[in-house]
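S.K.: What follows is the file work_8.pdb, containing PDB, C-alpha atoms, pLDDT in the B column:
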ATOM      1  CA  MET X1159       0.000   0.000   0.000  1.00 77.00           C
ATOM      2  CA  ALA X1160       1.337   3.435  -0.957  1.00 90.00           C
ATOM      3  CA  ASN X1161       0.758   6.764   0.665  1.00 95.00           C
ATOM      4  CA  SER X1162      -1.427   9.408  -0.944  1.00 96.00           C
ATOM      5  CA  ALA X1163       1.445  11.507  -2.307  1.00 96.00           C
ATOM      6  CA  GLN X1164       3.158   8.471  -3.856  1.00 96.00           C
ATOM      7  CA  LEU X1165      -0.051   7.387  -5.594  1.00 96.00           C
ATOM      8  CA  ARG X1166      -0.737  10.897  -6.841  1.00 97.00           C
ATOM      9  CA  ASN X1167       2.778  11.092  -8.333  1.00 97.00           C
ATOM     10  CA  GLU X1168       2.406   7.660  -9.965  1.00 97.00           C
ATOM     11  CA  ILE X1169      -0.947   8.565 -11.507  1.00 98.00           C
ATOM     12  CA  ALA X1170       0.275  11.959 -12.732  1.00 97.00           C
ATOM     13  CA  ALA X1171       3.332  10.281 -14.313  1.00 98.00           C
ATOM     14  CA  GLY X1172       1.108   7.873 -16.257  1.00 97.00           C
ATOM     15  CA  LYS X1173       2.027   4.737 -14.293  1.00 97.00           C
ATOM     16  CA  TRP X1174      -1.676   3.930 -13.813  1.00 97.00           C
ATOM     17  CA  ASP X1175      -2.634   4.457 -17.455  1.00 98.00           C
ATOM     18  CA  ASP X1176      -3.122   0.737 -18.151  1.00 97.00           C
ATOM     19  CA  LYS X1177      -5.530   0.488 -15.209  1.00 96.00           C
ATOM     20  CA  LEU X1178      -7.338   3.624 -16.340  1.00 96.00           C
ATOM     21  CA  ARG X1179      -7.637   2.285 -19.910  1.00 96.00           C
ATOM     22  CA  ALA X1180      -9.164  -0.921 -18.578  1.00 94.00           C
ATOM     23  CA  LEU X1181     -11.833   1.127 -16.818  1.00 92.00           C
ATOM     24  CA  TYR X1182     -12.414   4.038 -19.201  1.00 93.00           C
ATOM     25  CA  GLY X1183     -11.218   3.024 -22.685  1.00 93.00           C
ATOM     26  CA  ASP X1184      -8.313   4.086 -24.872  1.00 94.00           C
ATOM     27  CA  ALA X1185      -9.190   7.713 -25.659  1.00 95.00           C
ATOM     28  CA  THR X1186      -6.213   9.891 -24.734  1.00 97.00           C
ATOM     29  CA  GLN X1187      -8.430  12.787 -23.649  1.00 97.00           C
ATOM     30  CA  GLU X1188     -10.394  10.511 -21.299  1.00 95.00           C
ATOM     31  CA  ILE X1189      -7.232   9.044 -19.757  1.00 97.00           C
ATOM     32  CA  CYS X1190      -5.949  12.585 -19.125  1.00 97.00           C
ATOM     33  CA  ARG X1191      -9.295  13.523 -17.548  1.00 96.00           C
ATOM     34  CA  GLN X1192      -9.239  10.466 -15.306  1.00 96.00           C
ATOM     35  CA  ARG X1193      -5.623  11.083 -14.248  1.00 98.00           C
ATOM     36  CA  ALA X1194      -6.643  14.584 -13.164  1.00 97.00           C
ATOM     37  CA  ARG X1195      -9.771  13.268 -11.441  1.00 97.00           C
ATOM     38  CA  TYR X1196      -7.901  10.636  -9.440  1.00 97.00           C
ATOM     39  CA  CYS X1197      -5.166  13.116  -8.494  1.00 98.00           C
ATOM     40  CA  ALA X1198      -7.814  15.612  -7.363  1.00 98.00           C
ATOM     41  CA  ALA X1199      -9.499  12.922  -5.233  1.00 98.00           C
ATOM     42  CA  LEU X1200      -6.167  12.133  -3.574  1.00 98.00           C
ATOM     43  CA  GLU X1201      -5.556  15.837  -2.934  1.00 97.00           C
ATOM     44  CA  GLN X1202      -9.016  16.248  -1.400  1.00 97.00           C
ATOM     45  CA  PHE X1203      -8.475  13.176   0.781  1.00 98.00           C
ATOM     46  CA  GLU X1204      -5.298  14.794   2.111  1.00 97.00           C
ATOM     47  CA  LEU X1205      -7.116  18.085   2.696  1.00 96.00           C
ATOM     48  CA  TYR X1206      -9.817  16.442   4.826  1.00 96.00           C
ATOM     49  CA  PHE X1207      -7.895  13.603   6.476  1.00 97.00           C
ATOM     50  CA  GLY X1208      -4.218  14.567   6.399  1.00 96.00           C
ATOM     51  CA  PRO X1209      -1.274  13.983   4.065  1.00 95.00           C
ATOM     52  CA  GLY X1210       1.017  10.981   3.900  1.00 92.00           C
ATOM     53  CA  ARG X1211      -1.531   8.345   4.918  1.00 96.00           C
ATOM     54  CA  GLN X1212      -1.450   4.818   3.525  1.00 97.00           C
ATOM     55  CA  VAL X1213      -4.412   4.748   1.145  1.00 98.00           C
ATOM     56  CA  GLN X1214      -6.208   2.553  -1.319  1.00 97.00           C
ATOM     57  CA  VAL X1215      -8.132   3.762  -4.360  1.00 97.00           C
ATOM     58  CA  TYR X1216     -11.367   2.174  -5.569  1.00 96.00           C
ATOM     59  CA  SER X1217     -13.723   2.574  -8.513  1.00 94.00           C
ATOM     60  CA  ALA X1218     -17.375   1.528  -8.216  1.00 90.00           C
ATOM     61  CA  PRO X1219     -19.169   1.610 -11.567  1.00 85.00           C
ATOM     62  CA  GLY X1220     -22.527   3.181 -12.156  1.00 80.00           C
ATOM     63  CA  ARG X1221     -25.091   1.135 -14.024  1.00 72.00           C
ATOM     64  CA  ALA X1222     -27.778   1.623 -16.600  1.00 69.00           C
ATOM     65  CA  GLU X1223     -31.157  -0.073 -16.421  1.00 66.00           C
ATOM     66  CA  LEU X1224     -31.721  -1.757 -19.770  1.00 66.00           C
ATOM     67  CA  GLY X1225     -35.207  -3.086 -19.105  1.00 63.00           C
ATOM     68  CA  GLY X1226     -36.892  -3.362 -15.749  1.00 60.00           C
ATOM     69  CA  SER X1227     -35.404  -2.861 -12.350  1.00 60.00           C
ATOM     70  CA  GLY X1228     -33.961  -6.341 -11.841  1.00 58.00           C
ATOM     71  CA  ALA X1229     -30.254  -7.042 -11.469  1.00 58.00           C
ATOM     72  CA  ASP X1230     -30.291  -9.032 -14.731  1.00 60.00           C
ATOM     73  CA  ASP X1231     -31.433  -5.937 -16.639  1.00 61.00           C
ATOM     74  CA  ALA X1232     -28.495  -3.694 -15.677  1.00 60.00           C
ATOM     75  CA  ALA X1233     -25.202  -2.973 -17.423  1.00 61.00           C
ATOM     76  CA  ALA X1234     -22.065  -1.281 -16.109  1.00 57.00           C
ATOM     77  CA  VAL X1235     -21.195   2.098 -17.593  1.00 68.00           C
ATOM     78  CA  THR X1236     -17.993   4.144 -17.596  1.00 71.00           C
ATOM     79  CA  LEU X1237     -19.467   6.600 -15.099  1.00 86.00           C
ATOM     80  CA  ASP X1238     -18.234   5.666 -11.656  1.00 91.00           C
ATOM     81  CA  LEU X1239     -17.562   6.700  -8.102  1.00 93.00           C
ATOM     82  CA  VAL X1240     -13.902   6.941  -7.137  1.00 96.00           C
ATOM     83  CA  ALA X1241     -12.996   6.529  -3.477  1.00 97.00           C
ATOM     84  CA  VAL X1242      -9.722   7.136  -1.664  1.00 98.00           C
ATOM     85  CA  ALA X1243      -9.759   5.373   1.699  1.00 97.00           C
ATOM     86  CA  ALA X1244      -7.470   4.784   4.649  1.00 97.00           C
ATOM     87  CA  HIS X1245      -7.885   2.603   7.723  1.00 96.00           C
ATOM     88  CA  ASN X1246      -8.146   4.306  11.088  1.00 96.00           C
ATOM     89  CA  THR X1247      -8.085   2.853  14.589  1.00 94.00           C
ATOM     90  CA  ASP X1248     -10.787   4.855  16.376  1.00 94.00           C
ATOM     91  CA  GLY X1249     -13.848   2.874  15.233  1.00 91.00           C
ATOM     92  CA  TYR X1250     -15.352   5.715  13.225  1.00 95.00           C
ATOM     93  CA  VAL X1251     -16.166   5.843   9.539  1.00 95.00           C
ATOM     94  CA  ARG X1252     -15.794   9.311   8.044  1.00 96.00           C
ATOM     95  CA  VAL X1253     -16.860   9.923   4.460  1.00 95.00           C
ATOM     96  CA  LYS X1254     -16.583  13.223   2.632  1.00 96.00           C
ATOM     97  CA  SER X1255     -18.218  13.246  -0.781  1.00 93.00           C
ATOM     98  CA  ARG X1256     -17.516  15.821  -3.493  1.00 95.00           C
ATOM     99  CA  GLY X1257     -20.522  18.075  -4.008  1.00 90.00           C
ATOM    100  CA  PHE X1258     -21.980  17.569  -0.533  1.00 89.00           C
ATOM    101  CA  ASN X1259     -21.415  20.043   2.280  1.00 89.00           C
ATOM    102  CA  LYS X1260     -21.253  17.586   5.149  1.00 87.00           C
ATOM    103  CA  LEU X1261     -18.912  14.953   6.455  1.00 91.00           C
ATOM    104  CA  ASP X1262     -20.722  11.702   7.311  1.00 89.00           C
ATOM    105  CA  VAL X1263     -19.425  10.341  10.614  1.00 91.00           C
ATOM    106  CA  ILE X1264     -20.548   6.918  11.808  1.00 91.00           C
ATOM    107  CA  ASP X1265     -19.480   5.504  15.179  1.00 92.00           C
ATOM    108  CA  LEU X1266     -19.129   1.765  14.543  1.00 90.00           C
ATOM    109  CA  THR X1267     -18.564   1.062  18.244  1.00 86.00           C
ATOM    110  CA  VAL X1268     -22.322   1.653  18.643  1.00 84.00           C
ATOM    111  CA  GLU X1269     -24.281  -1.199  17.083  1.00 79.00           C
ATOM    112  CA  GLY X1270     -27.721  -1.110  15.500  1.00 79.00           C
ATOM    113  CA  PRO X1271     -29.751   1.610  13.798  1.00 79.00           C
ATOM    114  CA  GLN X1272     -29.255   5.106  15.203  1.00 81.00           C
ATOM    115  CA  GLU X1273     -31.795   7.896  15.369  1.00 82.00           C
ATOM    116  CA  GLY X1274     -31.444  10.385  12.540  1.00 80.00           C
ATOM    117  CA  GLU X1275     -29.412   8.119  10.249  1.00 79.00           C
ATOM    118  CA  SER X1276     -32.252   6.484   8.344  1.00 79.00           C
ATOM    119  CA  THR X1277     -32.566   9.240   5.750  1.00 80.00           C
ATOM    120  CA  HIS X1278     -28.961   9.477   4.582  1.00 80.00           C
ATOM    121  CA  SER X1279     -25.932   7.425   3.609  1.00 83.00           C
ATOM    122  CA  ALA X1280     -24.865   6.777   7.208  1.00 85.00           C
ATOM    123  CA  SER X1281     -27.626   4.163   7.417  1.00 87.00           C
ATOM    124  CA  LEU X1282     -26.151   2.313   4.425  1.00 89.00           C
ATOM    125  CA  ILE X1283     -22.673   2.276   5.958  1.00 89.00           C
ATOM    126  CA  ARG X1284     -24.019   1.152   9.328  1.00 90.00           C
ATOM    127  CA  GLY X1285     -26.149  -1.531   7.652  1.00 90.00           C
ATOM    128  CA  ILE X1286     -23.168  -2.968   5.793  1.00 91.00           C
ATOM    129  CA  ALA X1287     -21.142  -2.989   9.031  1.00 91.00           C
ATOM    130  CA  GLU X1288     -24.010  -4.775  10.812  1.00 91.00           C
ATOM    131  CA  GLY X1289     -24.118  -7.356   8.016  1.00 93.00           C
ATOM    132  CA  PHE X1290     -20.413  -8.045   8.480  1.00 93.00           C
ATOM    133  CA  ARG X1291     -20.894  -8.341  12.248  1.00 92.00           C
ATOM    134  CA  ALA X1292     -23.806 -10.767  11.753  1.00 93.00           C
ATOM    135  CA  ALA X1293     -21.526 -12.890   9.552  1.00 97.00           C
ATOM    136  CA  GLY X1294     -18.930 -12.993  12.340  1.00 96.00           C
ATOM    137  CA  LYS X1295     -16.530 -10.559  10.640  1.00 95.00           C
ATOM    138  CA  ALA X1296     -14.614  -7.787  12.360  1.00 91.00           C
ATOM    139  CA  VAL X1297     -15.488  -4.214  11.476  1.00 91.00           C
ATOM    140  CA  GLY X1298     -13.294  -1.171  11.856  1.00 92.00           C
ATOM    141  CA  GLY X1299     -13.063   2.464  11.003  1.00 95.00           C
ATOM    142  CA  PHE X1300     -11.838   4.224   7.909  1.00 96.00           C
ATOM    143  CA  ASP X1301     -11.680   7.673   6.391  1.00 98.00           C
ATOM    144  CA  ALA X1302     -12.727   8.149   2.763  1.00 97.00           C
ATOM    145  CA  TYR X1303     -13.147  10.828   0.144  1.00 97.00           C
ATOM    146  CA  THR X1304     -15.445  10.054  -2.774  1.00 96.00           C
ATOM    147  CA  ALA X1305     -15.957  11.739  -6.138  1.00 95.00           C
ATOM    148  CA  SER X1306     -18.760  10.530  -8.373  1.00 92.00           C
ATOM    149  CA  ASP X1307     -19.481  11.001 -12.065  1.00 88.00           C
ATOM    150  CA  VAL X1308     -22.690   8.969 -11.678  1.00 82.00           C
ATOM    151  CA  LEU X1309     -25.791  11.111 -12.097  1.00 74.00           C
ATOM    152  CA  ARG X1310     -27.710  11.728  -8.899  1.00 70.00           C
TER     153      ARG X1310
END
Kindly transcribe the structure held in the file into structure tokens.

M.R.:
Amino acid sequence: MANSAQLRNEIAAGKWDDKLRALYGDATQEICRQRARYCAALEQFELYFGPGRQVQVYSAPGRAELGGSGADDAAAVTLDLVAVAAHNTDGYVRVKSRGFNKLDVIDLTVEGPQEGESTHSASLIRGIAEGFRAAGKAVGGFDAYTASDVLR
């Protein structure tokens, strides 16, 4: 695992271009756009959560409904959400998303649904953590910055 500055330098130097092509195609303009987008996400992560942290970068594709609303009727698209994440040891999940004014903070040391979380993304994060707990898996905290090209 590399730190945020190392990854940003690698991406800017084109060392991730093969990975970006696999996700976004061969168009030079699109690869340049994605390099800038990933570098910006790493910079924003550092702004909110501090520089020099060991991070991982993820891409979660959007999808298009081709027919109905069933999983068999969907197709991945090149619009995605990019996340930069780093483990923390305090049991909290903190997520800052581009375009939203708040920082979601979820205390994973407190189990079960919490008042006021049911109408926003904190409930999804807590629900996933509860699913892992129910399966006997350990859960822990992380800090993440996300930037999405998927339409709201």

S.K.: I would like the residues chosen by the PyMOL selection byres ((chain X and resi 1243-1248) around 12) on the shown file; could you give them as a PyMOL selection string?

M.R.: chain X and resi 1159-1162+1199-1200+1202-1204+1206-1217+1240-1242+1249-1255+1263-1267+1297-1305

S.K.: For a quick check of understanding, using only C-alpha atoms, which of X:Thr1186, X:Gln1164, X:Asn1259, X:Ser1306 has the smallest distance to Thr1236 in chain X?

M.R.: X:Ser1306

S.K.: Have a look at CA of Glu1275 in chain X and CA of Ala1218 in chain X and let me know their distance in Å, one decimal.

M.R.: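 Atom-to-atom, CA of Glu1275 in chain X to CA of Ala1218 in chain X, that is 23.0 Å.
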
S.K.: Between CA of Glu1269 in chain X and CA of Gly1289 in chain X, what distance in Å does the model show, to one decimal?

M.R.: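 Going from CA of Glu1269 in chain X over to CA of Gly1289 in chain X covers 11.0 Å.
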
S.K.: Pick from X:Glu1168, X:Asp1184, X:Glu1288, X:Asp1175: nearest to Cys1197 in chain X, with only C-alpha atoms counted?

M.R.: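 Once distances to Cys1197 in chain X are computed over only C-alpha atoms, the minimum belongs to X:Glu1168.
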
S.K.: Could you name the residues that touch Arg1193 in chain X at 8 Å or less, counting all atoms listed in the file, but leaving out those on the same chain fewer than 5 positions away, as number ranges by chain?

M.R.: X: 1169-1170, 1172, 1175, 1178

S.K.: Please measure the separation of CA of Gln1192 in chain X and CA of Arg1179 in chain X, giving the value in Å to one decimal.

M.R.: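 Atom-to-atom, CA of Gln1192 in chain X to CA of Arg1179 in chain X, that is 9.5 Å.
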
S.K.: Between X:Arg1291, X:Lys1177, X:Arg1284, X:Arg1310, single out the one closest to Gly1257 in chain X, counting only C-alpha atoms.

M.R.: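 Distance minimum relative to Gly1257 in chain X lands on X:Arg1310.
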
S.K.: Identify which of the residues X:Ser1276, X:Asp1238, X:Tyr1196, X:Asp1176 lies closest to Leu1309 in chain X, counting only C-alpha atoms when measuring atom-to-atom distances.

M.R.: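 Among the listed residues, the smallest separation from Leu1309 in chain X belongs to X:Asp1238.
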
S.K.: Taking all atoms of range 1257-1268 of chain X that the file lists, what box with edges along x, y and z, padded by 3 Å per side, do you get, with centre and edge lengths in Å to one decimal, as JSON?

M.R.:
{"center_x": -20.4, "center_y": 10.6, "center_z": 7.3, "size_x": 9.8, "size_y": 25.0, "size_z": 28.7}

S.K.: Which residues are close to Val1308 in chain X, i.e. within 8 Å by all atoms listed in the file, leaving aside same-chain residues fewer than 6 positions away? Reply as a PDB file with C-alpha atoms, in the coordinates of the input.

M.R.:
ATOM      1  CA  GLY X1220     -22.527   3.181 -12.156  1.00 80.00           C
ATOM      2  CA  LEU X1237     -19.467   6.600 -15.099  1.00 86.00           C
ATOM      3  CA  ASP X1238     -18.234   5.666 -11.656  1.00 91.00           C
ATOM      4  CA  LEU X1239     -17.562   6.700  -8.102  1.00 93.00           C
TER       5      LEU X1239
END
